[in-house]
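Enquirer: Sharing query-v2.txt below, compact mmCIF, C-alpha atoms:
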# COMPACT_ATOMS: atom_id res chain seq x y z
CA MET A 8 1.94 -69.50 -27.42
CA ARG A 9 2.46 -68.69 -31.10
CA ASP A 10 -0.42 -66.19 -31.05
CA GLY A 11 1.00 -64.56 -27.95
CA LEU A 12 4.44 -64.16 -29.54
CA ALA A 13 2.82 -62.76 -32.69
CA ARG A 14 1.00 -60.09 -30.65
CA GLU A 15 4.15 -59.30 -28.68
CA PHE A 16 6.43 -59.08 -31.72
CA PRO A 17 4.26 -58.17 -34.73
CA GLU A 18 7.23 -57.00 -36.82
CA ALA A 19 8.97 -60.34 -36.43
CA GLY A 20 5.80 -62.13 -37.45
CA ARG A 21 5.45 -60.01 -40.57
CA ALA A 22 9.12 -60.58 -41.42
CA VAL A 23 8.70 -64.34 -41.14
CA ALA A 24 5.56 -64.25 -43.29
CA TRP A 25 7.31 -62.08 -45.90
CA THR A 26 10.32 -64.42 -46.00
CA ARG A 27 8.18 -67.55 -46.33
CA ALA A 28 6.19 -65.95 -49.15
CA ARG A 29 9.37 -65.00 -51.04
CA ILE A 30 11.34 -68.25 -50.71
CA GLY A 31 8.47 -70.63 -51.28
CA PRO A 32 8.20 -72.35 -54.68
CA TRP A 33 5.60 -71.67 -57.33
CA THR A 34 3.06 -74.42 -57.89
CA GLU A 35 3.72 -76.22 -61.17
CA PRO A 36 2.51 -79.19 -63.22
CA VAL A 37 3.52 -82.50 -61.69
CA VAL A 38 6.51 -83.29 -63.93
CA TRP A 39 7.99 -79.82 -63.70
CA ALA A 40 7.44 -79.76 -59.94
CA ALA A 41 9.39 -83.01 -59.63
CA ILE A 42 12.22 -81.55 -61.74
CA SER A 43 12.19 -78.40 -59.60
CA GLY A 44 12.44 -80.58 -56.50
CA ILE A 45 15.44 -82.40 -57.99
CA GLY A 46 16.94 -78.99 -58.75
CA ALA A 47 16.43 -77.79 -55.18
CA GLY A 48 18.26 -80.83 -53.84
CA PHE A 49 21.02 -80.35 -56.40
CA VAL A 50 21.54 -76.67 -55.56
CA LEU A 51 21.56 -77.18 -51.80
CA GLY A 52 23.91 -80.13 -52.20
CA LEU A 53 26.33 -77.98 -54.20
CA PHE A 54 26.29 -75.28 -51.53
CA LEU A 55 27.02 -77.78 -48.77
CA GLN A 56 29.77 -79.44 -50.78
CA ALA A 57 31.39 -76.03 -51.14
CA VAL A 58 31.12 -75.44 -47.40
CA ILE A 59 32.62 -78.86 -46.68
CA GLY A 60 35.44 -78.06 -49.07
CA LEU A 61 36.24 -74.90 -47.12
CA VAL A 62 36.07 -76.81 -43.83
CA ASN A 63 38.42 -79.47 -45.19
CA GLN A 64 40.90 -76.85 -46.32
CA ALA A 65 40.79 -75.20 -42.91
CA LEU A 66 41.32 -78.54 -41.17
CA LEU A 67 44.24 -79.38 -43.44
CA ALA A 68 45.81 -76.01 -42.65
CA ALA A 69 45.34 -76.67 -38.92
CA ARG A 70 46.48 -80.31 -39.30
CA SER A 71 43.41 -81.60 -37.53
CA GLU A 72 40.29 -83.56 -38.43
CA LEU A 73 36.67 -83.90 -37.35
CA PRO A 74 35.57 -86.96 -35.36
CA PHE A 75 32.70 -87.54 -37.82
CA ALA A 76 32.12 -87.34 -41.57
CA LEU A 77 30.35 -84.33 -43.04
CA PHE A 78 29.31 -85.70 -46.41
CA PRO A 79 26.17 -87.50 -45.16
CA LEU A 80 24.86 -84.02 -44.33
CA VAL A 81 24.94 -83.19 -48.04
CA THR A 82 22.75 -86.19 -48.85
CA ILE A 83 20.37 -85.51 -45.97
CA ALA A 84 19.92 -81.83 -46.85
CA GLY A 85 19.66 -82.49 -50.59
CA SER A 86 17.08 -85.24 -50.16
CA ALA A 87 15.09 -83.07 -47.75
CA ALA A 88 15.08 -80.08 -50.11
CA ALA A 89 14.08 -82.24 -53.09
CA ALA A 90 11.19 -83.88 -51.26
CA ALA A 91 9.95 -80.64 -49.68
CA VAL A 92 9.95 -78.63 -52.92
CA ALA A 93 8.46 -81.42 -55.03
CA LEU A 94 5.65 -81.97 -52.53
CA GLY A 95 5.04 -78.26 -52.04
CA ALA A 96 5.12 -77.34 -55.73
CA GLY A 97 3.30 -80.33 -57.22
CA GLY A 98 1.71 -82.38 -54.48
CA PRO A 99 2.02 -86.12 -53.76
CA LEU A 100 2.36 -87.12 -57.43
CA ALA A 101 5.36 -84.83 -57.90
CA LEU A 102 6.89 -86.26 -54.72
CA ALA A 103 6.31 -89.77 -56.07
CA LEU A 104 8.12 -88.89 -59.30
CA GLU A 105 11.03 -87.36 -57.39
CA LEU A 106 11.27 -90.46 -55.19
CA ALA A 107 11.12 -92.69 -58.28
CA TYR A 108 14.05 -90.73 -59.72
CA SER A 109 16.01 -91.22 -56.50
CA ALA A 110 15.14 -94.93 -56.42
CA LEU A 111 16.29 -95.30 -60.03
CA GLY A 112 19.61 -93.69 -59.16
CA ILE A 113 20.05 -96.12 -56.26
CA ALA A 114 19.13 -99.10 -58.48
CA LEU A 115 21.66 -98.05 -61.11
CA ARG A 116 24.38 -98.07 -58.45
CA ILE A 117 23.85 -101.74 -57.66
CA PRO A 118 25.74 -103.24 -60.67
CA GLY A 119 28.77 -101.08 -59.90
CA VAL A 120 28.72 -102.10 -56.24
CA MET A 121 28.41 -105.77 -57.20
CA THR A 122 31.34 -105.51 -59.61
CA PHE A 123 33.49 -103.82 -56.99
CA CYS A 124 32.57 -106.42 -54.39
CA GLU A 125 33.49 -109.27 -56.74
CA ARG A 126 36.88 -107.72 -57.50
CA SER A 127 37.66 -106.81 -53.89
CA GLY A 128 36.87 -110.23 -52.44
CA GLY A 129 33.44 -109.42 -51.07
CA THR A 130 34.17 -106.31 -49.03
CA PHE A 131 33.24 -102.72 -49.76
CA PRO A 132 35.15 -100.55 -47.25
CA ASN A 133 33.05 -97.54 -46.38
CA SER A 134 34.09 -95.08 -43.69
CA LEU A 135 30.61 -93.49 -43.75
CA GLY A 136 28.61 -96.59 -42.92
CA PRO A 137 28.32 -100.38 -43.10
CA ASP A 138 29.84 -102.73 -45.66
CA GLN A 139 27.74 -102.42 -48.82
CA CYS A 140 28.56 -105.90 -50.14
CA THR A 141 25.61 -107.38 -48.25
CA ALA A 142 21.97 -106.58 -48.93
CA VAL A 143 21.45 -105.38 -45.37
CA GLY A 144 24.61 -103.29 -45.47
CA PHE A 145 23.67 -101.69 -48.79
CA LEU A 146 20.23 -100.74 -47.52
CA ALA A 147 21.70 -99.47 -44.26
CA SER A 148 24.10 -97.24 -46.21
CA LEU A 149 21.08 -95.39 -47.61
CA TRP A 150 20.15 -93.96 -44.21
CA PRO A 151 20.98 -90.34 -45.23
CA GLN A 152 18.43 -90.52 -48.08
CA PHE A 153 15.76 -91.98 -45.82
CA VAL A 154 16.37 -89.37 -43.12
CA GLY A 155 16.37 -86.56 -45.68
CA ILE A 156 13.13 -87.69 -47.31
CA GLY A 157 11.42 -87.86 -43.94
CA LEU A 158 12.65 -84.40 -43.00
CA GLY A 159 11.57 -83.01 -46.38
CA ILE A 160 8.03 -84.35 -46.05
CA ALA A 161 7.80 -82.88 -42.56
CA LEU A 162 9.24 -79.52 -43.66
CA SER A 163 6.93 -79.27 -46.66
CA ARG A 164 4.14 -78.26 -44.27
CA THR A 165 6.07 -75.11 -43.38
CA ILE A 166 6.54 -74.04 -47.03
CA THR A 167 4.21 -71.36 -48.37
CA THR A 168 3.76 -71.59 -52.13
CA ARG A 169 3.42 -68.42 -54.20
CA GLY A 170 0.62 -69.49 -56.50
CA SER A 171 0.90 -70.85 -60.01
CA GLY A 172 4.12 -70.00 -61.82
CA VAL A 173 7.51 -71.23 -63.01
CA ASN A 174 10.44 -72.12 -60.74
CA SER A 175 12.90 -71.09 -63.41
CA LEU A 176 16.16 -71.48 -61.50
CA LEU A 177 15.14 -74.81 -59.97
CA ARG A 178 14.00 -76.16 -63.35
CA ILE A 179 17.38 -75.34 -64.84
CA ALA A 180 19.21 -76.91 -61.92
CA GLY A 181 16.98 -79.99 -62.05
CA SER A 182 17.51 -80.38 -65.79
CA LEU A 183 21.27 -80.14 -65.26
CA ALA A 184 21.18 -82.70 -62.44
CA ILE A 185 19.15 -85.16 -64.55
CA ALA A 186 21.43 -84.69 -67.58
CA LEU A 187 24.53 -85.27 -65.44
CA THR A 188 22.97 -88.42 -63.96
CA ILE A 189 22.03 -89.84 -67.35
CA LEU A 190 25.42 -89.16 -68.89
CA SER A 191 27.20 -90.54 -65.82
CA GLU A 192 25.28 -93.81 -66.03
CA VAL A 193 25.83 -94.11 -69.78
CA TRP A 194 29.55 -93.55 -69.22
CA THR A 195 29.63 -96.16 -66.45
CA LEU A 196 27.88 -98.79 -68.55
CA THR A 197 29.71 -98.22 -71.83
CA ILE A 198 33.12 -96.61 -71.41
CA ALA A 199 34.36 -96.78 -67.81
CA GLN A 200 35.33 -100.46 -67.91
CA ALA A 201 36.89 -100.52 -71.38
CA SER A 202 39.06 -97.43 -71.78
CA ASP A 203 42.34 -96.00 -70.54
CA ALA A 204 42.54 -93.12 -68.09
CA LEU A 205 42.89 -90.36 -70.69
CA THR A 206 40.01 -91.61 -72.84
CA SER A 207 37.89 -91.95 -69.73
CA GLY A 208 38.73 -88.39 -68.67
CA LEU A 209 37.93 -87.01 -72.12
CA THR A 210 34.54 -88.75 -72.22
CA ILE A 211 33.72 -87.49 -68.74
CA ALA A 212 34.59 -83.95 -69.81
CA ALA A 213 32.50 -84.28 -72.98
CA GLY A 214 29.56 -85.60 -70.97
CA ILE A 215 29.74 -82.74 -68.47
CA ALA A 216 29.84 -80.24 -71.33
CA ALA A 217 26.86 -81.92 -73.03
CA ALA A 218 24.90 -81.75 -69.77
CA GLY A 219 25.64 -78.04 -69.52
CA VAL A 220 24.43 -77.43 -73.08
CA ALA A 221 21.26 -79.43 -72.48
CA ALA A 222 20.45 -77.44 -69.35
CA GLY A 223 21.16 -74.21 -71.25
CA VAL A 224 18.63 -75.14 -73.94
CA VAL A 225 16.04 -75.73 -71.22
CA ALA A 226 16.92 -72.38 -69.64
CA ALA A 227 16.32 -70.59 -72.94
CA GLN A 228 12.66 -71.59 -72.83
CA LEU A 229 12.07 -70.11 -69.38
CA PRO A 230 11.52 -66.57 -68.08
CA ARG A 231 14.77 -64.94 -66.94
CA GLY A 232 16.46 -68.03 -68.32
CA VAL A 233 19.88 -66.58 -69.09
CA ARG A 234 20.13 -64.86 -65.71
CA ASN A 235 19.10 -67.97 -63.82
CA ALA A 236 21.40 -70.12 -65.95
CA THR A 237 24.25 -67.84 -64.87
CA VAL A 238 23.27 -68.30 -61.21
CA VAL A 239 23.15 -72.08 -61.62
CA ALA A 240 26.54 -72.05 -63.35
CA ILE A 241 28.09 -70.08 -60.50
CA ILE A 242 26.60 -72.42 -57.89
CA TRP A 243 27.79 -75.40 -59.92
CA LEU A 244 31.37 -74.13 -59.72
CA LEU A 245 31.41 -73.53 -55.96
CA PRO A 246 32.30 -77.11 -54.90
CA TRP A 247 34.70 -77.36 -57.83
CA LEU A 248 36.54 -74.30 -56.54
CA THR A 249 36.60 -75.24 -52.84
CA LEU A 250 36.79 -79.05 -52.96
CA GLN A 251 37.42 -80.69 -56.34
CA LEU A 252 40.14 -78.36 -57.63
CA PRO A 253 42.26 -78.48 -54.43
CA LEU A 254 41.98 -82.29 -54.31
CA ALA A 255 42.95 -82.57 -57.97
CA LEU A 256 45.97 -80.32 -57.50
CA GLN A 257 47.05 -82.33 -54.47
CA SER A 258 46.87 -85.56 -56.47
CA LEU A 259 49.33 -84.27 -59.10
CA GLY A 260 52.99 -84.96 -58.56
CA PRO A 261 56.18 -86.28 -60.15
CA SER A 262 55.35 -89.87 -59.20
CA VAL A 263 51.99 -89.84 -61.00
CA PRO A 264 52.04 -91.52 -64.47
CA PRO A 265 51.65 -89.10 -67.39
CA ASP A 266 48.37 -90.61 -68.59
CA ILE A 267 46.86 -90.18 -65.13
CA VAL A 268 48.09 -86.58 -65.01
CA SER A 269 46.46 -85.91 -68.38
CA ALA A 270 43.19 -87.46 -67.25
CA ILE A 271 43.16 -85.44 -64.01
CA THR A 272 43.95 -82.24 -65.92
CA VAL A 273 41.12 -82.83 -68.39
CA THR A 274 38.54 -83.53 -65.70
CA MET A 275 39.85 -80.58 -63.67
CA VAL A 276 39.24 -78.01 -66.43
CA ALA A 277 35.95 -79.54 -67.61
CA PRO A 278 33.55 -78.00 -65.02
CA PRO A 279 34.30 -74.31 -65.72
CA ILE A 280 34.10 -74.97 -69.47
CA ALA A 281 30.77 -76.76 -69.01
CA ALA A 282 29.46 -73.92 -66.82
CA ALA A 283 30.39 -71.41 -69.51
CA LEU A 284 28.64 -73.58 -72.12
CA LEU A 285 25.54 -73.65 -69.92
CA VAL A 286 25.28 -69.85 -70.00
CA LEU A 287 26.36 -69.54 -73.63
CA SER A 288 23.87 -72.12 -74.91
CA ALA A 289 21.10 -70.46 -72.91
CA ALA A 290 21.95 -67.07 -74.44
CA ILE A 291 22.20 -68.42 -77.99
CA ALA A 292 19.04 -70.53 -77.80
CA SER A 293 17.13 -67.70 -76.12
CA ARG A 294 18.18 -65.24 -78.82
CA ALA A 295 17.25 -67.71 -81.56
CA ARG A 296 13.70 -67.87 -80.22
CA PHE A 297 13.16 -64.18 -81.04
CA ILE A 298 14.91 -63.99 -84.41
CA PRO A 299 12.19 -63.63 -87.08
CA ARG A 300 12.23 -66.32 -89.72
CA GLU A 301 12.29 -65.19 -93.34
CA ALA A 302 9.48 -66.44 -95.51
CA ALA A 303 10.47 -69.21 -97.93
So, in terms of C-alpha cells, how does the structure I just supplied come out?

Expert:
Amino acid sequence: MRDGLAREFPEAGRAVAWTRARIGPWTEPVVWAAISGIGAGFVLGLFLQAVIGLVNQALLAARSELPFALFPLVTIAGSAAAAAVALGAGGPLALALELAYSALGIALRIPGVMTFCERSGGTFPNSLGPDQCTAVGFLASLWPQFVGIGLGIALSRTITTRGSGVNSLLRIAGSLAIALTILSEVWTLTIAQASDALTSGLTIAAGIAAAGVAAGVVAAQLPRGVRNATVVAIIWLLPWLTLQLPLALQSLGPSVPPDIVSAITVTMVAPPIAAALLVLSAAIASRARFIPREAA
C-alpha cells in the first residue's frame, strides 16, 4: 500500500523524505547523544507548557474548564522526544544513559514526597493520579513517563539521522535542563527547609541564573552556539510568558504578606534575566575563544 501511494503521489513522498532528513538528529557520541535527548524532551516540554498556558488563559476568560488535565501530556511528549532522540542519535547506550538520568530524577523526588506525606498525615492529594504516599501509588503516578518512553522507543524507528555531526541546539537545551535539575535538587536538600520565603526566592533566582550561564558556556564551544543559545532562551521564556507570569500576577494581592510578595516578585523576574545571561555568557565565552593570547 505504501509503495502504491508513493507511485501515485511522488511529490508527497519526496516532501516526507526531505522533512525527515532535515528534522532528524545527527549521530553523536553516546554521552552527547543522551544530553541531546534530554534537550529534545526539555524543548518539547517547554513548547507544550506554553500551549497549555494559552489554553488555561482562554478557559479562564471563558469561565470554563476541561474535564481532564493537560499536564500529563507534557510529560508524555517530553519523555517520548528524549527517548527517541537519544536512541536515534546514540543508540541503546545513549538511551540507557537518558533513562538513568530520568530514574535519578525520580529517585531524588522520593525524600520530598516522604517528607510531605509525614507532615500531611499520610496523604498526598494529587488531581492527576493516585495518592503518592504509598509505594504502589507513587509508581502508578509515573505512568506518563512510562507511556512516553514506550512511544519514544517506537517512534525512534521513524527517525532518519543525518550522519555524524553535532546537535548544537539540543546540546545547549540538554545542558540547561541538567543544570536546572542539579541546582533544583541542591536547593531542595540544603536551603528549602531552612530559609524564609525571600531567601528561598533569592536562591532560586540565583540558581536559575547560574544554570543559564553554565548552558551559555557550553553553547560557546559549539557551532552556531550563540544563535542556538538565543533560540533556546526564547523557547525557555515561552511557558514563563504564557503560564508562570500570569499565575504569579494572579497570586499577588493586598492580602498577601510582604515577604511572600517579595519572593514571588524575585522568582517572577528571574527567568528573563537568566535567559539573557544564557545568551550573554555564550557570546562572551565564544568571543574569548578567538581572542589571541599575548606571549608571556

Enquirer: Contacts between stretch 88-110 of chain A and stretch 116-203 of chain A, please, where a residue of stretch 116-203 of chain A counts if it comes within 7 Å (with only C-alpha atoms); show its shortest atom pair and distance in Å to one decimal, rows by chain and ascending number, as a tab-separated table.

Expert:
residue	atom	partner	partner_atom	distance
A:Ile156	CA	A:Ala90	CA	5.8
A:Gly159	CA	A:Ala91	CA	4.4
A:Ile160	CA	A:Ala91	CA	5.5
A:Leu162	CA	A:Ala91	CA	6.2
A:Ser163	CA	A:Ala91	CA	4.5
A:Ile166	CA	A:Gly95	CA	6.7
A:Thr168	CA	A:Gly95	CA	6.8

Enquirer: Could you give me, as a Markdown table, every stretch 24-69 of chain A residue with an atom at most 9 Å from stretch 240-257 of chain A, plus its closest atom pair and distance in Å to one decimal, counting all atoms listed in the file, rows ordered by chain then number?

Expert:
| residue | atom | partner | partner_atom | distance |
| --- | --- | --- | --- | --- |
| A:Val50 | CA | A:Ile242 | CA | 7.0 |
| A:Leu53 | CA | A:Pro246 | CA | 6.1 |
| A:Phe54 | CA | A:Ile242 | CA | 7.0 |
| A:Leu55 | CA | A:Pro246 | CA | 8.1 |
| A:Gln56 | CA | A:Pro246 | CA | 5.4 |
| A:Ala57 | CA | A:Pro246 | CA | 4.0 |
| A:Val58 | CA | A:Thr249 | CA | 7.7 |
| A:Ile59 | CA | A:Leu250 | CA | 7.5 |
| A:Gly60 | CA | A:Leu250 | CA | 4.2 |
| A:Leu61 | CA | A:Thr249 | CA | 5.7 |
| A:Asn63 | CA | A:Leu250 | CA | 8.0 |
| A:Gln64 | CA | A:Thr249 | CA | 8.0 |

Enquirer: If we count all atoms listed in the file and set the cut-off at 10 Å, which residues sit around A:Val238, ignoring sequence neighbours fewer than 5 positions away in its own chain? Please answer as a list of chain:residue names.

Expert: A:Leu176, A:Ile179, A:Ala180, A:Gly232, A:Val233, A:Trp243, A:Val286

Enquirer: Please indicate the distance in Å from atom CA of A:Leu229 to atom CA of A:Asn174, rounded to one decimal place.

Expert: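 A separation of 9.0 Å between them.
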
Enquirer: In Å, how far is it from atom CA of A:Thr237 to atom CA of A:Ser288?

Expert: 10.9 Å

Enquirer: Which residue, A:Gly208, A:Pro230, A:Pro79, A:Gly31, has the smallest gap to A:Val154 when you use only C-alpha atoms?

Expert: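 The closest residue to A:Val154 is A:Pro79.
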
Enquirer: Counting all atoms listed in the file, figure out which residue out of A:Ala186, A:Ala282, A:Ile45, A:Ala212 gets nearest to A:Val239.

Expert: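 Using all atoms listed in the file, A:Val239 sits closest to A:Ala282.
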
Enquirer: Go through A:Gly260, A:Glu192, A:Val225, A:Leu51 and flag the residue nearest A:Ile117, using all atoms listed in the file for the distances.

Expert: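 Nearest candidate to A:Ile117 out of A:Gly260, A:Glu192, A:Val225, A:Leu51: A:Glu192.
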
Enquirer: Which residues come within 7 Å of A:Ala216, counting all atoms listed in the file, excluding same-chain residues fewer than 4 positions away, as a list in words?

Expert: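 Using all atoms listed in the file, the neighbours found are Ala212, Val220, Ala281 and Leu284 of chain A.
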
Enquirer: From the options A:Val81, A:Arg169, A:Ala47, A:Thr195, which residue's atoms come nearest to A:Thr122, counting all atoms listed in the file?

Expert: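 Smallest separation from A:Thr122 among the options: A:Thr195.
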
Enquirer: What is the atom CA of A:Ser43-atom CA of A:Gly181 distance in Å, reported with one decimal?

Expert: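 Distance between the two atoms: 5.6 Å.
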
Enquirer: Edge lengths and centre in Å to one decimal, as AutoDock Vina command-line options, of the axis-aligned box that encloses all listed atoms of stretch 139-147 of chain A with 6 Å added on every side?

Expert:
--center_x 24.4 --center_y -103.4 --center_z -47.2 --size_x 20.3 --size_y 19.9 --size_z 17.9

Enquirer: Restricting the calculation to all atoms listed in the file: of A:Gln152, A:Ala227, A:Phe78, A:Cys140, which residue gets closest to A:Ile113?

Expert: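 Closest residue, counting all atoms listed in the file: A:Gln152.
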
Enquirer: Using all atoms listed in the file, which of A:Gly46, A:Gly219, A:Leu177, A:Ala40 sits nearest A:Leu287?

Expert: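 Of all the options, A:Gly219 lies closest to A:Leu287.
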
Enquirer: With N, CA, C and O atoms as the goal, would you fill in the gaps in stretch 152-168 of chain A and present it as a JSON list (two decimals), in the coordinates of the input?

Expert:
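Generated file (out-v6.json):
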[["chain", "number", "residue", "atom", "x", "y", "z"],
["A", 152, "GLN", "N", 19.58, -90.79, -47.21],
["A", 152, "GLN", "CA", 18.43, -90.52, -48.08],
["A", 152, "GLN", "C", 17.12, -90.67, -47.34],
["A", 152, "GLN", "O", 16.22, -89.83, -47.47],
["A", 153, "PHE", "N", 17.01, -91.74, -46.55],
["A", 153, "PHE", "CA", 15.76, -91.98, -45.82],
["A", 153, "PHE", "C", 15.49, -90.86, -44.81],
["A", 153, "PHE", "O", 14.36, -90.37, -44.70],
["A", 154, "VAL", "N", 16.52, -90.45, -44.09],
["A", 154, "VAL", "CA", 16.37, -89.37, -43.12],
["A", 154, "VAL", "C", 15.99, -88.08, -43.83],
["A", 154, "VAL", "O", 15.09, -87.35, -43.39],
["A", 155, "GLY", "N", 16.67, -87.79, -44.94],
["A", 155, "GLY", "CA", 16.37, -86.56, -45.68],
["A", 155, "GLY", "C", 14.96, -86.53, -46.23],
["A", 155, "GLY", "O", 14.28, -85.50, -46.15],
["A", 156, "ILE", "N", 14.50, -87.65, -46.78],
["A", 156, "ILE", "CA", 13.13, -87.69, -47.31],
["A", 156, "ILE", "C", 12.12, -87.45, -46.20],
["A", 156, "ILE", "O", 11.15, -86.69, -46.38],
["A", 157, "GLY", "N", 12.33, -88.08, -45.05],
["A", 157, "GLY", "CA", 11.42, -87.86, -43.94],
["A", 157, "GLY", "C", 11.40, -86.42, -43.48],
["A", 157, "GLY", "O", 10.34, -85.83, -43.24],
["A", 158, "LEU", "N", 12.58, -85.81, -43.40],
["A", 158, "LEU", "CA", 12.65, -84.40, -43.00],
["A", 158, "LEU", "C", 11.97, -83.51, -44.04],
["A", 158, "LEU", "O", 11.27, -82.55, -43.70],
["A", 159, "GLY", "N", 12.17, -83.83, -45.32],
["A", 159, "GLY", "CA", 11.57, -83.01, -46.38],
["A", 159, "GLY", "C", 10.06, -83.05, -46.34],
["A", 159, "GLY", "O", 9.39, -82.02, -46.50],
["A", 160, "ILE", "N", 9.49, -84.23, -46.13],
["A", 160, "ILE", "CA", 8.03, -84.35, -46.05],
["A", 160, "ILE", "C", 7.50, -83.56, -44.86],
["A", 160, "ILE", "O", 6.47, -82.88, -44.95],
["A", 161, "ALA", "N", 8.24, -83.64, -43.74],
["A", 161, "ALA", "CA", 7.80, -82.88, -42.56],
["A", 161, "ALA", "C", 7.93, -81.38, -42.80],
["A", 161, "ALA", "O", 7.03, -80.60, -42.44],
["A", 162, "LEU", "N", 9.03, -80.95, -43.44],
["A", 162, "LEU", "CA", 9.24, -79.52, -43.66],
["A", 162, "LEU", "C", 8.33, -78.94, -44.72],
["A", 162, "LEU", "O", 8.13, -77.72, -44.76],
["A", 163, "SER", "N", 7.79, -79.79, -45.59],
["A", 163, "SER", "CA", 6.93, -79.27, -46.66],
["A", 163, "SER", "C", 5.70, -78.56, -46.10],
["A", 163, "SER", "O", 5.12, -77.69, -46.76],
["A", 164, "ARG", "N", 5.30, -78.91, -44.89],
["A", 164, "ARG", "CA", 4.14, -78.26, -44.27],
["A", 164, "ARG", "C", 4.44, -76.82, -43.89],
["A", 164, "ARG", "O", 3.51, -76.03, -43.70],
["A", 165, "THR", "N", 5.71, -76.48, -43.76],
["A", 165, "THR", "CA", 6.07, -75.11, -43.38],
["A", 165, "THR", "C", 6.31, -74.22, -44.61],
["A", 165, "THR", "O", 6.53, -73.03, -44.45],
["A", 166, "ILE", "N", 6.27, -74.81, -45.81],
["A", 166, "ILE", "CA", 6.54, -74.04, -47.03],
["A", 166, "ILE", "C", 5.26, -73.38, -47.52],
["A", 166, "ILE", "O", 4.22, -74.03, -47.63],
["A", 167, "THR", "N", 5.33, -72.10, -47.80],
["A", 167, "THR", "CA", 4.21, -71.36, -48.37],
["A", 167, "THR", "C", 4.45, -71.17, -49.86],
["A", 167, "THR", "O", 5.42, -70.52, -50.25],
["A", 168, "THR", "N", 3.60, -71.76, -50.68],
["A", 168, "THR", "CA", 3.76, -71.59, -52.13],
["A", 168, "THR", "C", 3.27, -70.22, -52.55],
["A", 168, "THR", "O", 2.49, -69.57, -51.86]]
